[in-house]
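S.K.: Following this line is entry-v6.txt, made up of compact mmCIF, C-alpha atoms:
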# COMPACT_ATOMS: atom_id res chain seq x y z
CA MET C 1280 -10.00 7.17 4.60
CA LYS C 1281 -13.26 8.71 5.73
CA ALA C 1282 -13.52 12.24 4.40
CA GLY C 1283 -13.33 14.94 7.04
CA SER C 1284 -11.64 12.77 9.65
CA SER C 1285 -9.59 14.64 12.20
CA ILE C 1286 -7.12 11.80 12.67
CA GLN C 1287 -3.55 12.96 12.06
CA TRP C 1288 -0.75 10.46 11.55
CA SER C 1289 2.76 11.80 12.05
CA ARG C 1290 5.82 10.37 10.36
CA ARG C 1291 6.88 6.90 11.42
CA THR C 1292 10.36 5.76 10.41
CA LEU C 1293 10.71 2.05 11.07
CA LEU C 1294 14.24 0.80 10.65
CA LEU C 1295 13.54 -2.89 10.43
CA ALA C 1296 16.88 -3.94 8.98
CA ALA C 1297 18.31 -3.42 12.45
CA LEU C 1298 16.01 -6.04 13.96
CA ALA C 1299 18.52 -8.81 13.38
CA ALA C 1300 20.66 -7.37 16.13
CA CYS C 1301 18.04 -8.22 18.75
CA CYS C 1302 16.14 -11.14 17.20
CA CYS C 1303 17.21 -14.73 16.71
CA TRP C 1304 16.82 -15.32 12.99
CA PRO C 1305 17.59 -18.87 11.88
CA ALA C 1306 19.79 -18.06 8.91
CA LYS C 1307 21.31 -14.90 7.51
CA ALA C 1308 21.56 -11.68 9.48
CA ALA C 1309 20.01 -8.61 7.90
CA ASP C 1310 23.38 -7.12 6.96
CA GLU C 1311 24.11 -10.20 4.82
CA LEU C 1312 20.95 -9.78 2.73
CA PRO C 1313 20.28 -7.46 -0.22
CA GLN C 1314 19.00 -4.17 1.15
CA VAL C 1315 15.78 -2.56 -0.07
CA ARG C 1316 14.62 0.91 0.96
CA ILE C 1317 10.85 1.48 0.96
CA LEU C 1318 8.97 4.70 1.71
CA PHE C 1319 5.20 4.72 2.33
CA LEU C 1320 3.13 7.83 1.66
CA GLY C 1321 -0.54 7.49 2.55
CA ASN C 1322 -3.27 8.13 5.08
CA SER C 1323 -5.10 6.06 7.68
CA TYR C 1324 -5.64 3.13 5.31
CA THR C 1325 -1.86 2.66 5.40
CA ALA C 1326 -1.46 3.65 9.05
CA PHE C 1327 -4.01 1.27 10.57
CA ASN C 1328 -2.26 -1.69 12.22
CA LEU C 1329 1.09 -0.29 11.03
CA LEU C 1330 1.04 -1.67 7.50
CA PRO C 1331 4.57 -0.42 6.65
CA GLY C 1332 5.96 -2.30 9.63
CA MET C 1333 4.10 -5.46 8.61
CA VAL C 1334 5.60 -5.33 5.13
CA GLY C 1335 9.04 -4.92 6.66
CA GLU C 1336 8.59 -7.77 9.13
CA LEU C 1337 7.34 -10.11 6.41
CA MET C 1338 10.17 -9.16 4.09
CA LEU C 1339 12.85 -9.68 6.70
CA SER C 1340 11.36 -13.02 7.79
CA SER C 1341 11.70 -14.31 4.22
CA GLN C 1342 15.49 -14.25 4.71
CA MET C 1343 15.77 -12.90 1.17
CA LEU C 1344 15.68 -9.10 1.60
CA ALA C 1345 16.51 -6.69 4.41
CA PRO C 1346 14.18 -3.68 4.44
CA HIS C 1347 14.68 -0.10 5.50
CA ILE C 1348 11.16 1.25 5.98
CA GLY C 1349 10.11 4.89 6.17
CA SER C 1350 6.65 6.42 6.20
CA ASN C 1351 4.75 9.67 6.22
CA LEU C 1352 1.11 8.91 6.97
CA GLN C 1353 -1.37 11.74 7.36
CA GLY C 1354 -5.11 11.43 8.02
CA SER C 1355 -7.38 12.25 5.05
CA TYR C 1356 -4.45 13.10 2.77
CA THR C 1357 -4.72 12.85 -1.00
CA LEU C 1358 -1.65 12.27 -3.14
CA GLU C 1359 -1.82 15.91 -4.18
CA ARG C 1360 -1.72 17.02 -0.57
CA HIS C 1361 1.31 14.84 0.08
CA THR C 1362 3.16 16.85 -2.57
CA THR C 1363 2.75 19.99 -0.43
CA ASN C 1364 3.65 18.35 2.88
CA ALA C 1365 7.15 19.60 3.70
CA GLU C 1366 7.93 16.79 6.15
CA GLY C 1367 7.00 14.03 3.72
CA MET C 1368 8.74 15.59 0.74
CA GLU C 1369 11.87 16.15 2.80
CA LEU C 1370 11.85 12.47 3.77
CA LEU C 1371 11.37 11.46 0.13
CA LYS C 1372 14.37 13.54 -0.93
CA LYS C 1373 16.57 12.66 2.05
CA GLY C 1374 16.33 8.92 1.55
CA ALA C 1375 16.61 6.02 3.98
CA ASP C 1376 18.44 5.79 7.29
CA ASP C 1377 21.62 4.62 5.54
CA GLY C 1378 21.76 7.78 3.44
CA LYS C 1379 20.84 6.03 0.20
CA PRO C 1380 17.80 6.94 -1.91
CA TRP C 1381 14.56 5.01 -1.68
CA ASP C 1382 14.32 2.02 -4.01
CA VAL C 1383 10.53 1.84 -3.71
CA ILE C 1384 7.85 4.43 -2.97
CA VAL C 1385 4.42 3.06 -2.01
CA VAL C 1386 1.70 5.69 -2.48
CA GLN C 1387 -1.94 5.49 -1.43
CA GLU C 1388 -4.66 7.83 -2.67
CA HIS C 1389 -7.64 8.98 -0.60
CA SER C 1390 -10.31 6.27 -0.78
CA VAL C 1391 -13.13 8.52 -2.06
CA VAL C 1392 -10.90 10.22 -4.63
CA SER C 1393 -9.66 6.78 -5.76
CA ALA C 1394 -13.17 5.94 -6.97
CA ALA C 1395 -14.51 9.37 -7.91
CA ALA C 1396 -11.54 9.94 -10.23
CA ALA C 1397 -13.03 7.41 -12.65
CA VAL C 1398 -16.13 9.54 -13.28
CA ASP C 1399 -15.45 13.07 -12.03
CA ALA C 1400 -13.12 15.37 -13.98
CA ASP C 1401 -11.94 17.35 -10.94
CA ALA C 1402 -11.16 14.21 -8.94
CA LYS C 1403 -9.41 12.71 -11.98
CA MET C 1404 -7.19 15.76 -12.30
CA LEU C 1405 -6.48 15.78 -8.56
CA MET C 1406 -5.41 12.13 -8.52
CA GLU C 1407 -3.42 12.21 -11.75
CA ASN C 1408 -1.60 15.43 -10.86
CA GLY C 1409 -0.82 14.15 -7.36
CA LEU C 1410 0.62 10.88 -8.59
CA SER C 1411 2.60 12.53 -11.39
CA LYS C 1412 4.17 15.05 -9.01
CA LEU C 1413 5.20 12.35 -6.54
CA VAL C 1414 6.61 10.18 -9.32
CA GLN C 1415 8.53 13.15 -10.71
CA SER C 1416 10.01 14.01 -7.30
CA ALA C 1417 11.01 10.40 -6.63
CA HIS C 1418 12.40 9.96 -10.15
CA GLU C 1419 14.59 13.05 -9.79
CA VAL C 1420 16.24 11.56 -6.69
CA ASN C 1421 16.51 8.02 -8.06
CA PRO C 1422 15.75 7.41 -11.77
CA LYS C 1423 15.48 3.67 -11.04
CA VAL C 1424 12.91 4.05 -8.25
CA LEU C 1425 9.84 1.82 -8.40
CA VAL C 1426 6.58 3.58 -7.54
CA VAL C 1427 3.95 1.17 -6.24
CA VAL C 1428 0.39 2.48 -6.30
CA PHE C 1429 -1.54 0.97 -3.37
CA GLN C 1430 -4.98 0.29 -4.87
CA VAL C 1431 -7.48 0.53 -2.02
CA TRP C 1432 -10.64 -1.56 -1.43
CA ALA C 1433 -14.32 -0.73 -1.66
CA ARG C 1434 -16.13 -0.07 1.59
CA HIS C 1435 -18.20 -2.75 3.32
CA GLU C 1436 -21.64 -3.31 1.79
CA LYS C 1437 -23.31 -2.37 5.09
CA LEU C 1438 -22.41 1.26 4.46
CA TRP C 1439 -24.57 1.31 1.31
CA LYS C 1440 -27.46 -0.10 3.33
CA GLU C 1441 -26.88 2.71 5.82
CA LYS C 1442 -26.74 5.21 2.94
CA SER C 1443 -23.31 6.48 3.96
CA ASP C 1444 -22.38 9.61 2.01
CA ASP C 1445 -18.79 8.44 1.59
CA ALA C 1446 -19.89 5.05 0.28
CA LEU C 1447 -22.38 6.56 -2.15
CA ALA C 1448 -19.67 8.96 -3.38
CA THR C 1449 -17.68 5.96 -4.60
CA GLY C 1450 -20.46 4.18 -6.53
CA LYS C 1451 -23.91 2.63 -6.32
CA ASP C 1452 -22.55 -0.50 -4.60
CA PRO C 1453 -19.19 -2.10 -3.64
CA GLU C 1454 -18.79 -3.76 -7.03
CA GLN C 1455 -19.12 -0.49 -8.92
CA ALA C 1456 -16.85 1.25 -6.41
CA LEU C 1457 -14.12 -1.34 -6.94
CA ALA C 1458 -14.46 -1.09 -10.73
CA ARG C 1459 -14.06 2.68 -10.48
CA ILE C 1460 -11.03 2.35 -8.21
CA HIS C 1461 -9.45 -0.05 -10.69
CA LEU C 1462 -10.06 2.32 -13.63
CA ALA C 1463 -8.93 5.45 -11.81
CA ASN C 1464 -5.66 3.85 -10.76
CA ALA C 1465 -4.95 2.63 -14.29
CA ASN C 1466 -5.68 6.09 -15.70
CA ALA C 1467 -3.46 7.81 -13.15
CA VAL C 1468 -0.54 5.47 -13.85
CA LYS C 1469 -0.91 5.98 -17.60
CA ALA C 1470 -0.96 9.76 -17.18
CA ALA C 1471 2.13 9.71 -14.97
CA GLN C 1472 4.06 7.49 -17.37
CA GLU C 1473 3.24 9.86 -20.22
CA LYS C 1474 4.52 12.83 -18.23
CA ILE C 1475 7.64 11.10 -16.88
CA PRO C 1476 9.03 8.83 -19.61
CA GLY C 1477 11.00 5.92 -18.21
CA ALA C 1478 9.30 6.04 -14.81
CA GLN C 1479 8.63 2.62 -13.31
CA ILE C 1480 5.11 2.52 -11.86
CA ILE C 1481 2.96 -0.47 -11.00
CA VAL C 1482 -0.40 -0.92 -9.30
CA SER C 1483 -0.51 -3.27 -6.32
CA PRO C 1484 -4.07 -4.65 -6.56
CA VAL C 1485 -4.84 -4.77 -2.84
CA GLY C 1486 -8.52 -3.95 -3.35
CA GLU C 1487 -8.94 -6.76 -5.88
CA PHE C 1488 -7.77 -9.29 -3.30
CA TRP C 1489 -10.04 -7.87 -0.63
CA TRP C 1490 -12.91 -8.53 -3.05
CA ARG C 1491 -11.73 -12.09 -3.74
CA VAL C 1492 -11.28 -12.96 -0.08
CA HIS C 1493 -14.55 -11.35 0.96
CA ASP C 1494 -16.34 -13.27 -1.81
CA LEU C 1495 -14.71 -16.66 -1.18
CA TYR C 1496 -14.49 -16.46 2.62
CA PRO C 1497 -17.37 -14.18 3.70
CA ALA C 1498 -16.94 -15.24 7.34
CA LEU C 1499 -13.42 -13.79 7.44
CA SER C 1500 -13.32 -10.26 8.80
CA LEU C 1501 -11.20 -7.80 6.85
CA TYR C 1502 -12.91 -4.57 7.92
CA ALA C 1503 -12.78 -2.67 11.18
CA GLU C 1504 -16.13 -1.88 12.78
CA ASP C 1505 -16.50 1.32 10.73
CA GLY C 1506 -16.70 -0.72 7.51
CA THR C 1507 -14.02 1.47 5.98
CA HIS C 1508 -10.65 0.80 7.57
CA PRO C 1509 -8.91 -2.59 7.86
CA ASP C 1510 -8.89 -4.85 10.85
CA LEU C 1511 -5.74 -6.84 11.60
CA LEU C 1512 -6.39 -9.53 8.97
CA GLY C 1513 -7.28 -6.87 6.40
CA THR C 1514 -3.96 -5.12 6.98
CA LEU C 1515 -2.10 -8.43 6.78
CA LEU C 1516 -3.78 -9.24 3.46
CA SER C 1517 -2.79 -5.79 2.19
CA ALA C 1518 0.79 -6.39 3.35
CA TYR C 1519 0.92 -9.74 1.54
CA VAL C 1520 -0.20 -8.15 -1.75
CA ILE C 1521 2.20 -5.22 -1.47
CA LEU C 1522 5.07 -7.52 -0.49
CA GLY C 1523 4.35 -9.70 -3.52
CA SER C 1524 4.22 -6.66 -5.78
CA ILE C 1525 7.62 -5.47 -4.55
CA GLY C 1526 9.57 -8.65 -3.91
CA GLY C 1527 7.84 -11.30 -5.98
CA ARG C 1528 6.29 -14.65 -5.25
CA GLU C 1529 9.33 -16.27 -3.66
CA VAL C 1530 9.76 -13.54 -1.07
CA LEU C 1531 6.09 -13.78 -0.10
CA GLN C 1532 6.14 -17.57 -0.07
CA ASN C 1533 9.20 -17.65 2.19
CA SER C 1534 7.88 -15.08 4.65
CA THR C 1535 7.06 -16.56 8.04
CA TRP C 1536 6.19 -13.63 10.30
CA LEU C 1537 2.67 -13.27 11.71
CA PRO C 1538 1.31 -10.43 13.84
CA PRO C 1539 0.40 -11.32 17.42
CA ASP C 1540 -3.24 -12.35 17.90
CA CYS C 1541 -3.76 -13.15 14.22
CA PRO C 1542 -5.21 -16.67 13.78
CA THR C 1543 -2.77 -18.82 11.84
CA VAL C 1544 -5.47 -20.54 9.78
CA GLN C 1545 -6.97 -17.24 8.64
CA ALA C 1546 -3.56 -15.84 7.73
CA ALA C 1547 -2.75 -18.98 5.75
CA ARG C 1548 -5.98 -18.70 3.77
CA VAL C 1549 -5.43 -15.12 2.66
CA LYS C 1550 -1.76 -15.74 1.93
CA LYS C 1551 -2.63 -18.70 -0.28
CA MET C 1552 -5.17 -16.53 -2.10
CA VAL C 1553 -2.39 -14.11 -3.04
CA LEU C 1554 0.11 -16.85 -3.92
CA ASP C 1555 -2.45 -18.47 -6.22
CA HIS C 1556 -2.68 -15.36 -8.40
CA PRO C 1557 0.61 -14.77 -10.26
CA GLU C 1558 -0.57 -11.45 -11.75
CA VAL C 1559 0.49 -9.84 -8.46
CA PHE C 1560 4.10 -10.72 -9.19
CA LYS C 1561 4.41 -9.99 -12.91
CA ALA C 1562 6.05 -6.62 -12.36
CA ALA C 1563 7.98 -7.51 -9.18
CA GLY C 1564 11.63 -6.60 -9.20
CA LYS C 1565 11.39 -4.10 -12.04
What would you get if you wrote out this structure as structure tokens?
M.R.:
Amino acid sequence: MKAGSSIQWSRRTLLLAALAACCCWPAKAADELPQVRILFLGNSYTAFNLLPGMVGELMLSSQMLAPHIGSNLQGSYTLERHTTNAEGMELLKKGADDGKPWDVIVVQEHSVVSAAAAVDADAKMLMENGLSKLVQSAHEVNPKVLVVVFQVWARHEKLWKEKSDDALATGKDPEQALARIHLANANAVKAAQEKIPGAQIIVSPVGEFWWRVHDLYPALSLYAEDGTHPDLLGTLLSAYVILGSIGGREVLQNSTWLPPDCPTVQAARVKKMVLDHPEVFKAAGK
């Protein structure tokens, strides 16, 4: 998320398990499938193109899981700031629409902090404290909750050519920025696990797949015009990775839903990229 943005995203609660009542699914209705309750806490990286809804649509279309999706998405928020947001914390503690606690919490750190935390002590403390507090709060409500850390992507290389302050704050180039994001996420997860023994936390390597797709298929557009946020295909790729991290390879493979106006060939290419890398699924279902 671009630092200093004035965009504010209010809570969106998307109850996708109810979709079966108005859609013609070929096999099981949602109430016949195992239920999974997923809460998203993030900023505009998660809000663009309604990523939580995409994950829910994909999951339901797999005919393997029925999702209850909730979200609190606030522009420019860090994880630490989410811990002081009364609306989001109330939603975390209240649980899903069926009154049951969240099974999965997907959390997304501010994009600049995500990289700076690898080299700056203050940013490191901010990120690690924010994640640990959210994990602690979720763990108190449901000791079996899975916390999925949404690892963001590096900005488009054009922003380094333009000498963007936000891009330069993340590294000397996209490759260094991504390496820092990877390290900072690993450090934050390790710190949280040390503070909350028994907590289940995994990193969903969204940014790694952005790098792979951008490298292998440079003609495919993943970025919005600002070079920071995702376009529709970028959000779909992110949804594929997060879905795989939560549900595993079979759920992703069986998913059939596509967003309107998304070219089928492009979607198939990025989906195959994720399916070809089993490391995404090694922690799924824990």
S.K.: Would you mind telling me which residue in C:Gly1527, C:Pro1313, C:Gly1513, C:Pro1497 lies nearest to Ala1345 of chain C when using only C-alpha atoms?
M.R.: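 Looking only at the distances to Ala1345 of chain C, the closest residue turns out to be C:Pro1313.
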S.K.: Determine the nearest neighbour of Val1383 of chain C from the options C:Met1368, C:Leu1495, C:Ile1481, C:Leu1312, counting only C-alpha atoms.
M.R.: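 Using only C-alpha atoms, the shortest distance to Val1383 of chain C belongs to C:Ile1481.
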S.K.: Using all atoms listed in the file, determine which residues lie at most 9 Å from Leu1405 of chain C, disregarding the query and same-chain residues fewer than 5 positions distant; provide the list as a PyMOL selection string.
M.R.: chain C and resi 1357-1359+1392+1396+1400+1410
S.K.: Would you mind reading off the distance between atom CA of Leu1457 of chain C and atom CA of Arg1434 of chain C, one decimal, in Å?
M.R.: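 About the pair atom CA of Leu1457 of chain C and atom CA of Arg1434 of chain C: they are 8.9 Å apart.
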S.K.: Which is closer to Ile1521 of chain C than all the others in C:Asn1533, C:Gln1430, C:Thr1543, C:Asn1464, using all atoms listed in the file?
M.R.: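 The shortest atom-to-atom distance to Ile1521 of chain C comes from C:Gln1430.
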S.K.: Atom CA of Ile1525 of chain C and atom CA of Leu1370 of chain C, how far apart in Å?
M.R.: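 These two atoms are separated by 20.2 Å.
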